[in-house]
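Here the structure is laid out as structure tokens; the discussion comes afterwards.
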Amino acid sequence: MARIVLGMASSHAPQLEMPPHNWREYGDLGRKNPAHWYQGSTYSFTELAALRAADRFERECTDEKFQARWDACQHAINHLGETMDRVVPDVCIIVGDDQHESFQDDNMPAFSIYYGATVDDAAPSGEHRERLGDKVVGKVPPGRLTHPTDSALGQYLIEALIEREFDVARSSQLPTGRREGAIGHAFYYVYRRLMNNEVIPNVPIMVNTYYPPNAPTAKRCYKFGQALRQAIEGWDSDKRVAIVASGGLSHTVIEEDLDRRIIDGLEHKDEQKLTDLPDVRFRAGTSEIKNWIIVAGAMAGDGLQMKLVDYVPCYRTEAGNGCAMGFAEWL
């Protein structure tokens with residue numbers, strides 16, 4: 001039967017390919033956002049800056065700290081890529097969120113499994129990731145690339161998860177959306193940065209973390225991970241399987257206390273700590289923590305232990321805006 005040999009989780013935020021001299025400009029874009037989620041409520045930028053003034057986040061926004069955090073993130077990404085190369089899984093299941101790249105509000109599934117014969121990656125156009133990012137660092141392909149999937153595993157997972165009472169959606173051809181049928185950033189980040197554009201057969205699982213009212217709760221995500229593990233272990237195959245979570249940790253307002261709680265829950269396989277917060281704490285980018293929780297559920301029943309590769313809170317404004325970058329592996 002199939003065997004899970006590797007788990008991974010990695011942030012995928014634009015700052016990871018955005019040289020630090022551009023972080024202030026990126027932070028200035030966020031000041032225009034009318035609603036910043038923080039601890040379950042929304043604030044204007046001015047309100048948020050006043051609320052968190054005592055934390056003195058302007059001290060975190062120096063050129064030296066920007067550079068040090070950039071360097072730490074690049075080192076962590078390289079470490080995960082080297083782990084992937086060393087373990088050499090036969091197939092990779094990627095758990096990520098779709099931010100209106102494929103699915104729109106006229107059809108927004110909570111969980112969707114892609115099982116097409118191939119999957120495409122194409123460079124986005126006209127986005128801040130392209131304008132402020134470094135295409136070499138981001139390993140952005142010069143044109144559209146077609147990558148292999150494991151369509152048979154995708155179809156099997158659809159059937160196996162429905163048997164386990166998860167009514168997943170399915171797609172054998174990605175909608176045009178914003179990306180003209182190419183996969184979204186949660187997935188192409190893994191192809192580019194962790195697989196170096198040498199993509200192994202994979203199955204993308206898209207989770208609606210971002211958009212209530214049908215965003216699955218943290219508890220539901222954990223149980224989904226447990227069902228995913230059971231399905232993999234029941235797959236009549238000798239393939240060695242990796243599961244990768246893409247996204248997180250807290251952003252676009254950094255909440256280090258929340259991140260530390262989640263990291264502790266992951267390290268100690270503490271289901272309660274991972275799942276007992278009210279769902280309103282998981283909004284906007286912070287909702288991507290649920291992708292990590294799915295992988296935690298999948299890893300809870302085996303002997304693989306979570307190791308934190310690094311945690312790097314990358315601040316970019318005095319209000320605490322930024323992305324808390326997390327990198328982890330289960331070996």
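Residues in the structure tokens are named by chain (A, B, ... in the order shown) and by number from 1 within that chain; ligands are numbered from 1 in the order shown.
Residues of segment 228-272 of chain A that DSSP, applied to the backbone, places in helix (DSSP H, G or I): Leu228, Arg229, Gln230, Ala231, Ile232, Glu233, Glu256, Asp257, Leu258, Asp259, Arg260, Arg261, Ile262, Ile263, Asp264, Gly265, Leu266, Glu267, Glu271 and Gln272 of chain A.
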Sorted by chain and rising residue number, which residues of segment 195-290 of chain A lie within 12 Å of segment 104-107 of chain A, and what are their closest atom pairs and distances in Å to one decimal, counting only C-alpha atoms, as a tab-separated table?
residue	atom	partner	partner_atom	distance
A:Asn208	CA	A:Gln104	CA	10.7
A:Tyr210	CA	A:Asp105	CA	11.4
A:Tyr211	CA	A:Asp105	CA	8.7
A:Pro212	CA	A:Asp105	CA	10.3
A:Pro213	CA	A:Asp105	CA	10.8
A:Asn214	CA	A:Asp105	CA	10.8
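Ranking A:Arg86, A:Arg3, A:His147, A:Arg131 by their shortest atom-to-atom distance to Glu233 of chain A, with only C-alpha atoms included, puts A:Arg3 first.
With only C-alpha atoms as the atoms that count, the residue of A:Arg31, A:His268, A:Arg229, A:Arg283 with the shortest distance to His251 of chain A is A:Arg283.
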Next item on the list: Would you list the contacts of Arg24 of chain A as a PyMOL selection string, taking every protein, DNA or RNA residue within 9 Å and counting only C-alpha atoms, but skipping same-chain residues closer than 3 positions in sequence?
Entry: chain A and resi 20-21+27-29+61+316-317
Take the residues from that selection and put them in a file with N, CA and C atoms, as a compact mmCIF listing (two decimals), in the first residue's frame.
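Okay, out_4.txt is ready:
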# COMPACT_ATOMS: atom_id res chain seq x y z
N PRO A 20 14.18 42.99 -0.40
CA PRO A 20 13.79 43.80 0.76
C PRO A 20 13.72 45.29 0.50
N HIS A 21 14.44 45.78 -0.51
CA HIS A 21 14.34 47.23 -0.78
C HIS A 21 12.96 47.61 -1.31
N GLY A 27 4.43 47.68 1.62
CA GLY A 27 3.70 48.05 2.83
C GLY A 27 2.81 49.26 2.60
N ASP A 28 3.25 50.20 1.80
CA ASP A 28 2.44 51.39 1.52
C ASP A 28 1.15 51.02 0.79
N LEU A 29 1.20 49.98 -0.04
CA LEU A 29 -0.02 49.54 -0.71
C LEU A 29 -1.06 49.09 0.31
N CYS A 61 11.09 47.69 11.08
CA CYS A 61 11.06 48.06 9.66
C CYS A 61 12.33 48.82 9.26
N ARG A 316 6.35 45.02 7.66
CA ARG A 316 6.58 46.04 6.64
C ARG A 316 5.92 47.38 6.94
N THR A 317 5.15 47.49 8.04
CA THR A 317 4.62 48.80 8.45
C THR A 317 4.64 48.91 9.96
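Atom CA of Glu25 of chain A is found 12.8 Å from atom CA of Asp63 of chain A.
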Next item on the list: Pick out the residues sitting within 10 Å of Pro14 of chain A, and hand them over as a PyMOL selection string; count only C-alpha atoms, and ignore anything fewer than 5 positions along from it in its own chain.
Entry: chain A and resi 19+23+26+128-130+132-134+138+185+189+323
Note to self: For the strand (DSSP E or B) assignment from backbone DSSP, which residues of segment 121-319 of chain A qualify? Please present them as a PyMOL selection string.
What the structure shows: chain A and resi 121+145-149+169-171+202-207+240-246+251-253+306-315
Keeping N, CA and C atoms for every residue in the selection just given, could you write it to a file as a tab-separated table (two decimals), in the first residue's frame?
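Listing of out-v9.tsv after writing:
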chain	number	residue	atom	x	y	z
A	121	ASP	N	1.26	26.09	-15.40
A	121	ASP	CA	1.73	27.26	-14.66
A	121	ASP	C	2.06	28.34	-15.68
A	145	LEU	N	4.07	26.71	-18.71
A	145	LEU	CA	4.63	25.38	-18.54
A	145	LEU	C	3.52	24.39	-18.22
A	146	THR	N	3.65	23.19	-18.70
A	146	THR	CA	2.71	22.11	-18.41
A	146	THR	C	3.41	21.07	-17.55
A	147	HIS	N	2.80	20.73	-16.41
A	147	HIS	CA	3.40	19.83	-15.45
A	147	HIS	C	2.57	18.55	-15.31
A	148	PRO	N	3.20	17.47	-14.88
A	148	PRO	CA	2.46	16.21	-14.71
A	148	PRO	C	1.64	16.19	-13.43
A	149	THR	N	0.51	15.57	-13.48
A	149	THR	CA	-0.28	15.27	-12.28
A	149	THR	C	-0.31	13.75	-12.11
A	169	ALA	N	-15.58	18.73	-4.04
A	169	ALA	CA	-15.81	19.06	-5.45
A	169	ALA	C	-14.66	18.49	-6.27
A	170	ARG	N	-14.86	18.45	-7.58
A	170	ARG	CA	-13.82	17.90	-8.46
A	170	ARG	C	-13.71	18.77	-9.71
A	171	SER	N	-12.51	18.78	-10.27
A	171	SER	CA	-12.27	19.53	-11.50
A	171	SER	C	-11.20	18.83	-12.31
A	202	ASN	N	1.68	15.30	-9.25
A	202	ASN	CA	1.08	15.90	-8.06
A	202	ASN	C	-0.43	15.97	-8.18
A	203	VAL	N	-1.07	16.15	-7.04
A	203	VAL	CA	-2.52	16.32	-6.97
A	203	VAL	C	-2.80	17.60	-6.19
A	204	PRO	N	-3.30	18.66	-6.82
A	204	PRO	CA	-3.66	19.89	-6.10
A	204	PRO	C	-5.02	19.74	-5.39
A	205	ILE	N	-5.03	20.08	-4.12
A	205	ILE	CA	-6.29	20.15	-3.35
A	205	ILE	C	-6.51	21.60	-2.97
A	206	MET	N	-7.59	22.18	-3.48
A	206	MET	CA	-7.89	23.60	-3.25
A	206	MET	C	-8.88	23.72	-2.10
A	207	VAL	N	-8.49	24.53	-1.13
A	207	VAL	CA	-9.30	24.72	0.08
A	207	VAL	C	-9.76	26.17	0.12
A	240	ARG	N	5.44	6.32	-2.82
A	240	ARG	CA	5.84	7.09	-1.65
A	240	ARG	C	5.29	8.51	-1.83
A	241	VAL	N	4.53	8.97	-0.84
A	241	VAL	CA	3.71	10.17	-0.99
A	241	VAL	C	4.23	11.29	-0.08
A	242	ALA	N	4.31	12.50	-0.63
A	242	ALA	CA	4.55	13.72	0.15
A	242	ALA	C	3.27	14.54	0.19
A	243	ILE	N	3.06	15.23	1.31
A	243	ILE	CA	1.94	16.17	1.44
A	243	ILE	C	2.52	17.53	1.80
A	244	VAL	N	2.16	18.56	1.03
A	244	VAL	CA	2.72	19.89	1.23
A	244	VAL	C	1.59	20.89	1.45
A	245	ALA	N	1.68	21.66	2.53
A	245	ALA	CA	0.77	22.79	2.77
A	245	ALA	C	1.41	24.06	2.27
A	246	SER	N	0.66	24.85	1.53
A	246	SER	CA	1.18	26.10	0.97
A	246	SER	C	0.37	27.27	1.53
A	251	HIS	N	-1.06	36.75	8.37
A	251	HIS	CA	-0.88	37.91	7.51
A	251	HIS	C	-2.27	38.33	7.00
A	252	THR	N	-2.46	39.55	6.53
A	252	THR	CA	-1.45	40.55	6.29
A	252	THR	C	-1.19	41.42	7.51
A	253	VAL	N	-1.80	41.05	8.64
A	253	VAL	CA	-1.41	41.60	9.94
A	253	VAL	C	-0.78	40.46	10.72
A	306	MET	N	7.14	16.66	13.30
A	306	MET	CA	7.27	18.00	12.74
A	306	MET	C	8.52	18.68	13.29
A	307	LYS	N	9.28	19.27	12.37
A	307	LYS	CA	10.44	20.09	12.73
A	307	LYS	C	10.24	21.47	12.14
A	308	LEU	N	10.32	22.49	12.98
A	308	LEU	CA	10.23	23.86	12.49
A	308	LEU	C	11.57	24.24	11.88
A	309	VAL	N	11.57	24.50	10.59
A	309	VAL	CA	12.78	24.93	9.90
A	309	VAL	C	13.10	26.37	10.27
A	310	ASP	N	12.08	27.23	10.23
A	310	ASP	CA	12.26	28.62	10.67
A	310	ASP	C	10.90	29.31	10.76
A	311	TYR	N	10.87	30.32	11.59
A	311	TYR	CA	9.72	31.22	11.71
A	311	TYR	C	10.27	32.64	11.62
A	312	VAL	N	9.81	33.40	10.62
A	312	VAL	CA	10.40	34.70	10.32
A	312	VAL	C	9.27	35.72	10.13
A	313	PRO	N	8.95	36.51	11.16
A	313	PRO	CA	7.90	37.53	10.99
A	313	PRO	C	8.45	38.72	10.19
A	314	CYS	N	7.97	38.85	8.97
A	314	CYS	CA	8.49	39.88	8.05
A	314	CYS	C	7.57	41.10	8.06
A	315	TYR	N	7.83	42.00	9.00
A	315	TYR	CA	7.03	43.22	9.13
A	315	TYR	C	7.36	44.19	8.00
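The shortest atom-to-atom distance to Asp167 of chain A, with only C-alpha atoms taken into account, belongs to A:Phe224 out of A:Trp330, A:Phe224, A:Ala324, A:Tyr191.
With only C-alpha atoms as the atoms that count, the residue of A:Val137, A:Ile113, A:Ala300, A:Ile254 with the shortest distance to Ile94 of chain A is A:Ile113.
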